file entry_9.pdb (PDB, C-alpha atoms and all ligand atoms)
ATOM      1  CA  MET H   1     -81.846 -46.681  -8.425  1.00  0.00           C
ATOM      2  CA  ALA H   2     -80.362 -50.209  -8.163  1.00  0.00           C
ATOM      3  CA  TRP H   3     -76.903 -48.606  -8.326  1.00  0.00           C
ATOM      4  CA  LEU H   4     -77.732 -46.528  -5.220  1.00  0.00           C
ATOM      5  CA  PHE H   5     -78.645 -49.638  -3.228  1.00  0.00           C
ATOM      6  CA  ALA H   6     -75.448 -51.413  -4.327  1.00  0.00           C
ATOM      7  CA  HIS H   7     -73.206 -48.438  -3.449  1.00  0.00           C
ATOM      8  CA  GLY H   8     -74.624 -47.370  -0.087  1.00  0.00           C
ATOM      9  CA  ASP H   9     -71.446 -45.470   0.957  1.00  0.00           C
ATOM     10  CA  ALA H  10     -71.038 -43.472  -2.244  1.00  0.00           C
ATOM     11  CA  GLU H  11     -71.656 -39.724  -2.278  1.00  0.00           C
ATOM     12  CA  VAL H  12     -74.423 -38.855  -4.666  1.00  0.00           C
ATOM     13  CA  ASP H  13     -75.392 -35.537  -6.182  1.00  0.00           C
ATOM     14  CA  ASP H  14     -78.788 -34.495  -4.732  1.00  0.00           C
ATOM     15  CA  GLY H  15     -80.146 -33.952  -8.246  1.00  0.00           C
ATOM     16  CA  VAL H  16     -79.869 -37.674  -9.033  1.00  0.00           C
ATOM     17  CA  ILE H  17     -82.388 -38.446  -6.301  1.00  0.00           C
ATOM     18  CA  ASP H  18     -84.374 -35.200  -6.249  1.00  0.00           C
ATOM     19  CA  ALA H  19     -85.596 -35.282  -9.822  1.00  0.00           C
ATOM     20  CA  PRO H  20     -87.173 -38.779  -9.683  1.00  0.00           C
ATOM     21  CA  LEU H  21     -88.568 -38.103  -6.205  1.00  0.00           C
ATOM     22  CA  ARG H  22     -90.153 -34.887  -7.388  1.00  0.00           C
ATOM     23  CA  ARG H  23     -91.755 -36.718 -10.317  1.00  0.00           C
ATOM     24  CA  ARG H  24     -93.015 -39.487  -8.036  1.00  0.00           C
ATOM     25  CA  ARG H  25     -94.408 -36.939  -5.561  1.00  0.00           C
ATOM     26  CA  ALA H  26     -96.315 -35.376  -8.461  1.00  0.00           C
ATOM     27  CA  GLY H  27     -98.023 -38.747  -8.937  1.00  0.00           C
ATOM     28  CA  GLU H  28     -96.059 -39.951 -11.963  1.00  0.00           C
ATOM     29  CA  PRO H  29     -96.032 -43.770 -12.125  1.00  0.00           C
ATOM     30  CA  LEU H  30     -92.741 -45.409 -11.119  1.00  0.00           C
ATOM     31  CA  GLN H  31     -92.613 -47.254 -14.456  1.00  0.00           C
ATOM     32  CA  TYR H  32     -92.464 -43.948 -16.392  1.00  0.00           C
ATOM     33  CA  ILE H  33     -89.761 -42.631 -14.064  1.00  0.00           C
ATOM     34  CA  ARG H  34     -87.703 -45.814 -14.532  1.00  0.00           C
ATOM     35  CA  GLY H  35     -88.616 -45.826 -18.225  1.00  0.00           C
ATOM     36  CA  ARG H  36     -89.255 -49.550 -18.156  1.00  0.00           C
ATOM     37  CA  CYS H  37     -91.724 -52.213 -17.145  1.00  0.00           C
ATOM     38  CA  ASP H  38     -91.800 -56.021 -17.060  1.00  0.00           C
ATOM     39  CA  PHE H  39     -94.322 -57.861 -19.175  1.00  0.00           C
ATOM     40  CA  TYR H  40     -94.481 -61.619 -19.737  1.00  0.00           C
ATOM     41  CA  GLY H  41     -90.904 -62.015 -18.483  1.00  0.00           C
ATOM     42  CA  ARG H  42     -89.400 -59.328 -20.716  1.00  0.00           C
ATOM     43  CA  GLU H  43     -88.481 -55.702 -20.189  1.00  0.00           C
ATOM     44  CA  PHE H  44     -90.348 -53.081 -22.231  1.00  0.00           C
ATOM     45  CA  LEU H  45     -89.517 -49.397 -22.509  1.00  0.00           C
ATOM     46  CA  VAL H  46     -92.420 -47.209 -21.387  1.00  0.00           C
ATOM     47  CA  ASP H  47     -93.087 -43.491 -21.120  1.00  0.00           C
ATOM     48  CA  ASP H  48     -96.097 -41.201 -21.186  1.00  0.00           C
ATOM     49  CA  ARG H  49     -96.737 -41.965 -24.867  1.00  0.00           C
ATOM     50  CA  VAL H  50     -98.071 -45.427 -23.942  1.00  0.00           C
ATOM     51  CA  LEU H  51    -100.197 -47.243 -21.379  1.00  0.00           C
ATOM     52  CA  ILE H  52     -98.118 -49.110 -18.801  1.00  0.00           C
ATOM     53  CA  PRO H  53     -98.643 -52.829 -19.578  1.00  0.00           C
ATOM     54  CA  ARG H  54    -100.784 -54.491 -16.890  1.00  0.00           C
ATOM     55  CA  PRO H  55    -100.465 -58.026 -15.469  1.00  0.00           C
ATOM     56  CA  GLU H  56    -104.099 -58.792 -16.528  1.00  0.00           C
ATOM     57  CA  THR H  57    -103.027 -58.375 -20.139  1.00  0.00           C
ATOM     58  CA  GLU H  58    -100.675 -61.345 -19.736  1.00  0.00           C
ATOM     59  CA  ILE H  59    -103.852 -63.485 -19.541  1.00  0.00           C
ATOM     60  CA  LEU H  60    -104.862 -62.220 -22.990  1.00  0.00           C
ATOM     61  CA  VAL H  61    -101.392 -63.044 -24.320  1.00  0.00           C
ATOM     62  CA  GLU H  62    -101.488 -66.532 -22.784  1.00  0.00           C
ATOM     63  CA  GLN H  63    -104.856 -67.183 -24.472  1.00  0.00           C
ATOM     64  CA  ALA H  64    -103.614 -65.863 -27.808  1.00  0.00           C
ATOM     65  CA  ILE H  65    -100.472 -68.018 -27.675  1.00  0.00           C
ATOM     66  CA  ALA H  66    -102.643 -71.084 -27.070  1.00  0.00           C
ATOM     67  CA  ARG H  67    -105.492 -70.340 -29.490  1.00  0.00           C
ATOM     68  CA  VAL H  68    -104.415 -68.406 -32.587  1.00  0.00           C
ATOM     69  CA  PRO H  69    -104.287 -70.837 -35.533  1.00  0.00           C
ATOM     70  CA  HIS H  70    -100.878 -71.770 -36.971  1.00  0.00           C
ATOM     71  CA  GLY H  71     -99.528 -69.285 -39.520  1.00  0.00           C
ATOM     72  CA  ALA H  72    -102.335 -66.743 -38.978  1.00  0.00           C
ATOM     73  CA  ARG H  73    -102.033 -63.060 -39.812  1.00  0.00           C
ATOM     74  CA  VAL H  74    -102.694 -61.467 -36.431  1.00  0.00           C
ATOM     75  CA  VAL H  75    -103.413 -57.795 -35.810  1.00  0.00           C
ATOM     76  CA  ASP H  76    -102.845 -56.277 -32.363  1.00  0.00           C
ATOM     77  CA  VAL H  77    -105.258 -53.329 -32.356  1.00  0.00           C
ATOM     78  CA  GLY H  78    -104.150 -50.475 -30.076  1.00  0.00           C
ATOM     79  CA  THR H  79    -100.655 -51.852 -29.676  1.00  0.00           C
ATOM     80  CA  GLY H  80     -99.317 -49.047 -27.417  1.00  0.00           C
ATOM     81  CA  SER H  81     -95.880 -50.133 -26.170  1.00  0.00           C
ATOM     82  CA  GLY H  82     -96.137 -53.169 -28.451  1.00  0.00           C
ATOM     83  CA  CYS H  83     -96.161 -55.502 -25.447  1.00  0.00           C
ATOM     84  CA  ILE H  84     -98.814 -57.860 -26.872  1.00  0.00           C
ATOM     85  CA  ALA H  85     -97.586 -57.882 -30.479  1.00  0.00           C
ATOM     86  CA  VAL H  86     -93.910 -58.296 -29.562  1.00  0.00           C
ATOM     87  CA  THR H  87     -94.578 -61.054 -27.014  1.00  0.00           C
ATOM     88  CA  LEU H  88     -96.845 -62.952 -29.399  1.00  0.00           C
ATOM     89  CA  ALA H  89     -94.324 -62.728 -32.232  1.00  0.00           C
ATOM     90  CA  ILE H  90     -91.535 -64.083 -30.012  1.00  0.00           C
ATOM     91  CA  GLU H  91     -93.619 -66.848 -28.423  1.00  0.00           C
ATOM     92  CA  ARG H  92     -95.301 -67.877 -31.692  1.00  0.00           C
ATOM     93  CA  PRO H  93     -92.775 -67.355 -34.516  1.00  0.00           C
ATOM     94  CA  ASP H  94     -95.158 -69.045 -36.986  1.00  0.00           C
ATOM     95  CA  LEU H  95     -97.530 -66.033 -36.830  1.00  0.00           C
ATOM     96  CA  ARG H  96     -97.396 -62.897 -38.972  1.00  0.00           C
ATOM     97  CA  VAL H  97     -97.970 -60.119 -36.464  1.00  0.00           C
ATOM     98  CA  LEU H  98     -99.001 -56.539 -37.232  1.00  0.00           C
ATOM     99  CA  GLY H  99     -99.447 -53.921 -34.491  1.00  0.00           C
ATOM    100  CA  VAL H 100    -101.634 -50.883 -35.201  1.00  0.00           C
ATOM    101  CA  ASP H 101    -102.305 -47.772 -33.181  1.00  0.00           C
ATOM    102  CA  ILE H 102    -103.922 -44.409 -33.835  1.00  0.00           C
ATOM    103  CA  SER H 103    -101.042 -42.785 -31.929  1.00  0.00           C
ATOM    104  CA  VAL H 104     -97.925 -42.312 -34.046  1.00  0.00           C
ATOM    105  CA  ALA H 105     -96.029 -41.405 -30.860  1.00  0.00           C
ATOM    106  CA  ALA H 106     -96.925 -44.773 -29.297  1.00  0.00           C
ATOM    107  CA  LEU H 107     -95.820 -46.609 -32.455  1.00  0.00           C
ATOM    108  CA  ALA H 108     -92.362 -45.001 -32.257  1.00  0.00           C
ATOM    109  CA  LEU H 109     -91.873 -46.574 -28.831  1.00  0.00           C
ATOM    110  CA  ALA H 110     -93.385 -49.903 -29.926  1.00  0.00           C
ATOM    111  CA  LYS H 111     -90.769 -50.061 -32.716  1.00  0.00           C
ATOM    112  CA  ARG H 112     -87.973 -49.489 -30.207  1.00  0.00           C
ATOM    113  CA  ASN H 113     -89.308 -52.359 -28.082  1.00  0.00           C
ATOM    114  CA  ARG H 114     -89.524 -54.597 -31.141  1.00  0.00           C
ATOM    115  CA  ASP H 115     -85.930 -53.791 -32.125  1.00  0.00           C
ATOM    116  CA  ARG H 116     -84.520 -54.220 -28.606  1.00  0.00           C
ATOM    117  CA  LEU H 117     -86.245 -57.590 -28.185  1.00  0.00           C
ATOM    118  CA  GLY H 118     -85.547 -58.782 -31.734  1.00  0.00           C
ATOM    119  CA  ALA H 119     -89.179 -59.552 -32.590  1.00  0.00           C
ATOM    120  CA  ARG H 120     -90.569 -59.879 -36.118  1.00  0.00           C
ATOM    121  CA  VAL H 121     -93.511 -57.433 -36.024  1.00  0.00           C
ATOM    122  CA  ALA H 122     -94.738 -54.772 -38.459  1.00  0.00           C
ATOM    123  CA  PHE H 123     -96.298 -51.586 -37.102  1.00  0.00           C
ATOM    124  CA  VAL H 124     -98.697 -49.279 -38.952  1.00  0.00           C
ATOM    125  CA  ALA H 125    -100.675 -46.199 -37.927  1.00  0.00           C
ATOM    126  CA  SER H 126    -104.360 -46.977 -38.250  1.00  0.00           C
ATOM    127  CA  ASP H 127    -107.752 -46.088 -36.831  1.00  0.00           C
ATOM    128  CA  LEU H 128    -108.660 -49.623 -35.717  1.00  0.00           C
ATOM    129  CA  LEU H 129    -108.595 -51.761 -38.903  1.00  0.00           C
ATOM    130  CA  ALA H 130    -108.850 -48.908 -41.452  1.00  0.00           C
ATOM    131  CA  ALA H 131    -105.300 -49.422 -42.800  1.00  0.00           C
ATOM    132  CA  VAL H 132    -105.301 -53.223 -42.458  1.00  0.00           C
ATOM    133  CA  LYS H 133    -105.654 -55.191 -45.706  1.00  0.00           C
ATOM    134  CA  HIS H 134    -106.050 -58.667 -44.251  1.00  0.00           C
ATOM    135  CA  ALA H 135    -106.467 -60.105 -40.758  1.00  0.00           C
ATOM    136  CA  ASP H 136    -107.183 -63.711 -39.790  1.00  0.00           C
ATOM    137  CA  PHE H 137    -107.276 -62.887 -36.103  1.00  0.00           C
ATOM    138  CA  ILE H 138    -107.465 -59.830 -33.832  1.00  0.00           C
ATOM    139  CA  VAL H 139    -105.923 -59.485 -30.413  1.00  0.00           C
ATOM    140  CA  SER H 140    -106.549 -56.291 -28.489  1.00  0.00           C
ATOM    141  CA  ASN H 141    -106.468 -54.588 -25.156  1.00  0.00           C
ATOM    142  CA  PRO H 142    -108.570 -51.644 -26.313  1.00  0.00           C
ATOM    143  CA  PRO H 143    -109.415 -48.492 -24.366  1.00  0.00           C
ATOM    144  CA  TYR H 144    -112.527 -49.571 -22.420  1.00  0.00           C
ATOM    145  CA  ILE H 145    -113.167 -47.190 -19.523  1.00  0.00           C
ATOM    146  CA  PRO H 146    -116.402 -45.150 -19.824  1.00  0.00           C
ATOM    147  CA  ALA H 147    -115.384 -41.484 -20.266  1.00  0.00           C
ATOM    148  CA  ALA H 148    -117.143 -40.323 -17.092  1.00  0.00           C
ATOM    149  CA  ASP H 149    -115.239 -42.892 -14.990  1.00  0.00           C
ATOM    150  CA  VAL H 150    -111.812 -41.537 -15.956  1.00  0.00           C
ATOM    151  CA  GLU H 151    -112.130 -38.768 -13.372  1.00  0.00           C
ATOM    152  CA  THR H 152    -112.544 -41.409 -10.630  1.00  0.00           C
ATOM    153  CA  LEU H 153    -109.250 -43.172 -11.443  1.00  0.00           C
ATOM    154  CA  GLN H 154    -106.164 -42.792  -9.266  1.00  0.00           C
ATOM    155  CA  THR H 155    -103.977 -39.815 -10.148  1.00  0.00           C
ATOM    156  CA  GLU H 156    -101.158 -42.008 -11.553  1.00  0.00           C
ATOM    157  CA  VAL H 157    -103.544 -43.234 -14.243  1.00  0.00           C
ATOM    158  CA  ARG H 158    -105.852 -40.239 -14.739  1.00  0.00           C
ATOM    159  CA  ASP H 159    -103.185 -37.550 -14.952  1.00  0.00           C
ATOM    160  CA  HIS H 160    -100.284 -39.433 -16.539  1.00  0.00           C
ATOM    161  CA  GLU H 161    -101.410 -42.214 -18.866  1.00  0.00           C
ATOM    162  CA  PRO H 162    -102.602 -41.229 -22.387  1.00  0.00           C
ATOM    163  CA  ARG H 163    -106.329 -40.416 -22.367  1.00  0.00           C
ATOM    164  CA  ASN H 164    -106.988 -42.249 -25.662  1.00  0.00           C
ATOM    165  CA  ALA H 165    -105.436 -45.386 -24.169  1.00  0.00           C
ATOM    166  CA  LEU H 166    -107.996 -45.267 -21.346  1.00  0.00           C
ATOM    167  CA  THR H 167    -111.363 -44.325 -22.831  1.00  0.00           C
ATOM    168  CA  PRO H 168    -112.999 -44.696 -26.237  1.00  0.00           C
ATOM    169  CA  GLY H 169    -116.108 -42.630 -25.311  1.00  0.00           C
ATOM    170  CA  PRO H 170    -119.146 -42.505 -23.040  1.00  0.00           C
ATOM    171  CA  LEU H 171    -120.006 -46.218 -23.103  1.00  0.00           C
ATOM    172  CA  GLY H 172    -116.549 -47.693 -22.736  1.00  0.00           C
ATOM    173  CA  THR H 173    -117.413 -50.460 -25.213  1.00  0.00           C
ATOM    174  CA  GLU H 174    -117.217 -48.392 -28.432  1.00  0.00           C
ATOM    175  CA  VAL H 175    -113.966 -49.982 -29.658  1.00  0.00           C
ATOM    176  CA  ILE H 176    -114.862 -53.469 -28.390  1.00  0.00           C
ATOM    177  CA  ASP H 177    -118.192 -53.287 -30.286  1.00  0.00           C
ATOM    178  CA  ARG H 178    -116.451 -52.268 -33.518  1.00  0.00           C
ATOM    179  CA  LEU H 179    -113.892 -55.067 -33.241  1.00  0.00           C
ATOM    180  CA  LEU H 180    -116.553 -57.712 -32.555  1.00  0.00           C
ATOM    181  CA  ALA H 181    -118.670 -56.339 -35.429  1.00  0.00           C
ATOM    182  CA  SER H 182    -115.737 -56.833 -37.838  1.00  0.00           C
ATOM    183  CA  GLY H 183    -116.603 -60.541 -37.891  1.00  0.00           C
ATOM    184  CA  ILE H 184    -112.924 -61.439 -37.516  1.00  0.00           C
ATOM    185  CA  PRO H 185    -112.156 -63.933 -34.717  1.00  0.00           C
ATOM    186  CA  CYS H 186    -110.749 -62.078 -31.745  1.00  0.00           C
ATOM    187  CA  ILE H 187    -109.428 -62.257 -28.222  1.00  0.00           C
ATOM    188  CA  LEU H 188    -110.092 -59.004 -26.375  1.00  0.00           C
ATOM    189  CA  GLU H 189    -109.485 -57.651 -22.901  1.00  0.00           C
ATOM    190  CA  VAL H 190    -112.636 -56.050 -21.457  1.00  0.00           C
ATOM    191  CA  GLY H 191    -113.491 -53.883 -18.461  1.00  0.00           C
ATOM    192  CA  TYR H 192    -115.406 -54.647 -15.291  1.00  0.00           C
ATOM    193  CA  GLY H 193    -119.000 -55.721 -16.055  1.00  0.00           C
ATOM    194  CA  GLN H 194    -118.596 -55.505 -19.844  1.00  0.00           C
ATOM    195  CA  ALA H 195    -118.333 -59.218 -20.699  1.00  0.00           C
ATOM    196  CA  ALA H 196    -121.964 -59.809 -19.658  1.00  0.00           C
ATOM    197  CA  GLN H 197    -123.186 -57.292 -22.275  1.00  0.00           C
ATOM    198  CA  LEU H 198    -121.351 -58.926 -25.153  1.00  0.00           C
ATOM    199  CA  GLN H 199    -122.266 -61.893 -27.288  1.00  0.00           C
ATOM    200  CA  VAL H 200    -119.056 -63.911 -27.290  1.00  0.00           C
ATOM    201  CA  ASP H 201    -118.048 -67.576 -27.225  1.00  0.00           C
ATOM    202  CA  GLU H 202    -116.025 -67.639 -24.058  1.00  0.00           C
ATOM    203  CA  VAL H 203    -115.148 -65.439 -21.105  1.00  0.00           C
ATOM    204  CA  ILE H 204    -111.941 -65.895 -19.120  1.00  0.00           C
ATOM    205  CA  PRO H 205    -111.576 -64.426 -15.617  1.00  0.00           C
ATOM    206  CA  ASP H 206    -108.481 -62.700 -14.255  1.00  0.00           C
ATOM    207  CA  LEU H 207    -106.765 -63.789 -11.024  1.00  0.00           C
ATOM    208  CA  ALA H 208    -109.327 -61.802  -8.995  1.00  0.00           C
ATOM    209  CA  GLY H 209    -112.156 -63.768 -10.665  1.00  0.00           C
ATOM    210  CA  ILE H 210    -113.285 -60.743 -12.731  1.00  0.00           C
ATOM    211  CA  PRO H 211    -114.311 -61.602 -16.325  1.00  0.00           C
ATOM    212  CA  ARG H 212    -111.381 -60.039 -18.190  1.00  0.00           C
ATOM    213  CA  VAL H 213    -110.799 -61.639 -21.580  1.00  0.00           C
ATOM    214  CA  VAL H 214    -113.435 -62.534 -24.180  1.00  0.00           C
ATOM    215  CA  VAL H 215    -113.030 -64.891 -27.104  1.00  0.00           C
ATOM    216  CA  SER H 216    -115.159 -64.524 -30.219  1.00  0.00           C
ATOM    217  CA  SER H 217    -114.943 -66.896 -33.166  1.00  0.00           C
ATOM    218  CA  ALA H 218    -116.873 -64.659 -35.615  1.00  0.00           C
ATOM    219  CA  ARG H 219    -120.019 -62.596 -36.331  1.00  0.00           C
ATOM    220  CA  HIS H 220    -121.220 -61.672 -32.900  1.00  0.00           C
ATOM    221  CA  GLY H 221    -121.794 -58.393 -31.161  1.00  0.00           C
ATOM    222  CA  ARG H 222    -123.865 -56.977 -28.384  1.00  0.00           C
ATOM    223  CA  LYS H 223    -126.593 -58.976 -26.593  1.00  0.00           C
TER     224      LYS H 223
HETATM  225  C1  LIG L 301    -105.422 -49.794 -23.327  1.00  0.00           C
HETATM  226  S1  LIG L 301    -104.138 -49.227 -24.421  1.00  0.00           S
HETATM  227  C2  LIG L 301    -103.340 -50.789 -24.757  1.00  0.00           C
HETATM  228  C3  LIG L 301    -101.881 -50.683 -25.038  1.00  0.00           C
HETATM  229  C4  LIG L 301    -101.163 -52.036 -25.111  1.00  0.00           C
HETATM  230  N1  LIG L 301    -101.735 -52.879 -26.140  1.00  0.00           N
HETATM  231  C5  LIG L 301    -101.242 -52.750 -23.778  1.00  0.00           C
HETATM  232  O1  LIG L 301    -101.977 -53.741 -23.656  1.00  0.00           O
HETATM  233  O2  LIG L 301    -100.571 -52.302 -22.834  1.00  0.00           O
HETATM  234  C6  LIG L 301    -105.089 -48.885 -25.863  1.00  0.00           C
HETATM  235  C7  LIG L 301    -104.325 -48.385 -27.096  1.00  0.00           C
HETATM  236  O3  LIG L 301    -105.277 -48.192 -28.141  1.00  0.00           O
HETATM  237  C8  LIG L 301    -104.924 -47.055 -28.899  1.00  0.00           C
HETATM  238  N2  LIG L 301    -106.133 -46.579 -29.576  1.00  0.00           N
HETATM  239  C9  LIG L 301    -107.148 -45.861 -29.075  1.00  0.00           C
HETATM  240  N3  LIG L 301    -108.089 -45.644 -30.025  1.00  0.00           N
HETATM  241  C10 LIG L 301    -107.649 -46.249 -31.155  1.00  0.00           C
HETATM  242  C11 LIG L 301    -108.169 -46.378 -32.482  1.00  0.00           C
HETATM  243  N4  LIG L 301    -109.351 -45.851 -32.833  1.00  0.00           N
HETATM  244  N5  LIG L 301    -107.438 -47.064 -33.387  1.00  0.00           N
HETATM  245  C12 LIG L 301    -106.243 -47.606 -33.051  1.00  0.00           C
HETATM  246  N6  LIG L 301    -105.688 -47.519 -31.809  1.00  0.00           N
HETATM  247  C13 LIG L 301    -106.391 -46.851 -30.874  1.00  0.00           C
HETATM  248  C14 LIG L 301    -104.336 -46.099 -27.876  1.00  0.00           C
HETATM  249  O4  LIG L 301    -103.491 -45.147 -28.508  1.00  0.00           O
HETATM  250  C15 LIG L 301    -103.590 -47.065 -26.942  1.00  0.00           C
HETATM  251  O5  LIG L 301    -102.249 -47.205 -27.335  1.00  0.00           O
END

call {"tool": "encode", "arguments": {"input": "entry_9.pdb", "output": "structure tokens"}}
result
Amino acid sequence: MAWLFAHGDAEVDDGVIDAPLRRRRAGEPLQYIRGRCDFYGREFLVDDRVLIPRPETEILVEQAIARVPHGARVVDVGTGSGCIAVTLAIERPDLRVLGVDISVAALALAKRNRDRLGARVAFVASDLLAAVKHADFIVSNPPYIPAADVETLQTEVRDHEPRNALTPGPLGTEVIDRLLASGIPCILEVGYGQAAQLQVDEVIPDLAGIPRVVVSSARHGRK
């Protein structure tokens, strides 16, 4: 697309413009059409195998960079595009970072992002922590939308982003509850209204003032 703006006089085959326009008209997010997305100052490849990284998640990354103890073994649960794991590994080279996801298709893209950006991250397919031998710290932007609310989302999200990246079940907090119950210190992104139901040490708001990231030092859970 940038090429088209820079070469305004050039003749262009209709197909070059038609195909992306048709996809956009069908509600496909621009990031999937471009195949890329910016996150924490770096470019990540994205497609319909992974959630498009959101700006709110940069708050989680900022907190993790500042708080995870030196040398810790960190697991990014539900790594998707790998945006959290890759960024953390680059910004904090002292950490040993593992990204896990239940979606093997998502992990294939996460590995491409790792290789393109030269990050030191391992990726493993796992249902939450099932395949993880040791974790000192968890970071996660888990699926947190209650299942019934998915139908109310805008078409770009509802019809194009992976369903298991959006909702873990009827409550929305199913994955969050399991991660907090692990007793491992964690920094988690949470959905609207969820922080108040959780027993955590600290809650950090996003730029709109909505409680968005929770910090738990250990054995906590639901209020
Ligand atoms: C909200 S997306 C987050 C993706 C990425 N970390 C980000 O912040 O953009 C949640 C991710 O969790 C994964 N996921 C869902 N259920 C899971 C489970 N039980 N175990 C591991 N990963 C899971 C999904 O495949 C998806 O990639």

call {"tool": "residues_near_ligand", "arguments": {"input": "entry_9.pdb", "ligand": "ligand LIG 301 (chain L)", "cutoff": "7 Å", "atoms": "all atoms listed in the file", "output": "PyMOL selection string"}}
result
chain H and resi 50-54+57+77-84+100-103+106+126-128+140-143+164-166+168+175

call {"tool": "atom_distance", "arguments": {"input": "entry_9.pdb", "atom1": "CA of Glu43 in chain H", "atom2": "CA of Gly71 in chain H"}}
result
26.1 Å

call {"tool": "residues_around", "arguments": {"input": "entry_9.pdb", "residues": "Ala66 in chain H", "least_positions_apart": "5", "cutoff": "12 Å", "atoms": "all atoms listed in the file", "output": "MDAnalysis selection string"}}
result
chainID H and resid 59:61 88 91:92 187

call {"tool": "residues_around", "arguments": {"input": "entry_9.pdb", "residues": "His134 in chain H", "least_positions_apart": "4", "cutoff": "9 Å", "atoms": "all atoms listed in the file", "output": "PyMOL selection string"}}
result
chain H and resi 73-75

call {"tool": "resolve_selection", "arguments": {"input": "entry_9.pdb", "expression": "the PyMOL selection byres (((chain H and resi 156) around 12) and not hetatm)", "output": "ChimeraX atom specification"}}
result
/H:23-33,48,51-52,150-155,157-162

call {"tool": "write_last_selection", "arguments": {"input": "entry_9.pdb", "atoms": "C-alpha atoms", "output": "PDB file, in the frame of the given file"}}
result
ATOM      1  CA  ARG H  23     -91.755 -36.718 -10.317  1.00  0.00           C
ATOM      2  CA  ARG H  24     -93.015 -39.487  -8.036  1.00  0.00           C
ATOM      3  CA  ARG H  25     -94.408 -36.939  -5.561  1.00  0.00           C
ATOM      4  CA  ALA H  26     -96.315 -35.376  -8.461  1.00  0.00           C
ATOM      5  CA  GLY H  27     -98.023 -38.747  -8.937  1.00  0.00           C
ATOM      6  CA  GLU H  28     -96.059 -39.951 -11.963  1.00  0.00           C
ATOM      7  CA  PRO H  29     -96.032 -43.770 -12.125  1.00  0.00           C
ATOM      8  CA  LEU H  30     -92.741 -45.409 -11.119  1.00  0.00           C
ATOM      9  CA  GLN H  31     -92.613 -47.254 -14.456  1.00  0.00           C
ATOM     10  CA  TYR H  32     -92.464 -43.948 -16.392  1.00  0.00           C
ATOM     11  CA  ILE H  33     -89.761 -42.631 -14.064  1.00  0.00           C
ATOM     12  CA  ASP H  48     -96.097 -41.201 -21.186  1.00  0.00           C
ATOM     13  CA  LEU H  51    -100.197 -47.243 -21.379  1.00  0.00           C
ATOM     14  CA  ILE H  52     -98.118 -49.110 -18.801  1.00  0.00           C
ATOM     15  CA  VAL H 150    -111.812 -41.537 -15.956  1.00  0.00           C
ATOM     16  CA  GLU H 151    -112.130 -38.768 -13.372  1.00  0.00           C
ATOM     17  CA  THR H 152    -112.544 -41.409 -10.630  1.00  0.00           C
ATOM     18  CA  LEU H 153    -109.250 -43.172 -11.443  1.00  0.00           C
ATOM     19  CA  GLN H 154    -106.164 -42.792  -9.266  1.00  0.00           C
ATOM     20  CA  THR H 155    -103.977 -39.815 -10.148  1.00  0.00           C
ATOM     21  CA  VAL H 157    -103.544 -43.234 -14.243  1.00  0.00           C
ATOM     22  CA  ARG H 158    -105.852 -40.239 -14.739  1.00  0.00           C
ATOM     23  CA  ASP H 159    -103.185 -37.550 -14.952  1.00  0.00           C
ATOM     24  CA  HIS H 160    -100.284 -39.433 -16.539  1.00  0.00           C
ATOM     25  CA  GLU H 161    -101.410 -42.214 -18.866  1.00  0.00           C
ATOM     26  CA  PRO H 162    -102.602 -41.229 -22.387  1.00  0.00           C
TER      27      PRO H 162
END

call {"tool": "residues_around", "arguments": {"input": "entry_9.pdb", "residues": "range 191-204 of chain H", "least_positions_apart": "5", "cutoff": "10 Å", "atoms": "all atoms listed in the file", "output": "PyMOL selection string"}}
result
chain H and resi 59-60+63+141-146+171-173+176-177+180+186+209-223

call {"tool": "atom_distance", "arguments": {"input": "entry_9.pdb", "atom1": "CA of Leu98 in chain H", "atom2": "CA of Phe123 in chain H"}}
result
5.6 Å

call {"tool": "atom_distance", "arguments": {"input": "entry_9.pdb", "atom1": "CA of Asp115 in chain H", "atom2": "CA of Pro185 in chain H"}}
result
28.2 Å

call {"tool": "closest_residue", "arguments": {"input": "entry_9.pdb", "among": "H:Ile90, H:Val104, H:Ile184, H:Leu117", "to": "Leu129 in chain H", "atoms": "only C-alpha atoms"}}
result
H:Ile184

call {"tool": "axis_aligned_box", "arguments": {"input": "entry_9.pdb", "around": "range 109-117 of chain H", "padding_each_side": "6 Å", "output": "AutoDock Vina command-line options"}}
result
--center_x -89.0 --center_y -52.1 --center_z -30.4 --size_x 20.9 --size_y 23.0 --size_z 16.6

call {"tool": "closest_residue", "arguments": {"input": "entry_9.pdb", "among": "H:Ala147, H:Ala122, H:Ala208, H:Ala72", "to": "Pro170 in chain H", "atoms": "all atoms listed in the file"}}
result
H:Ala147
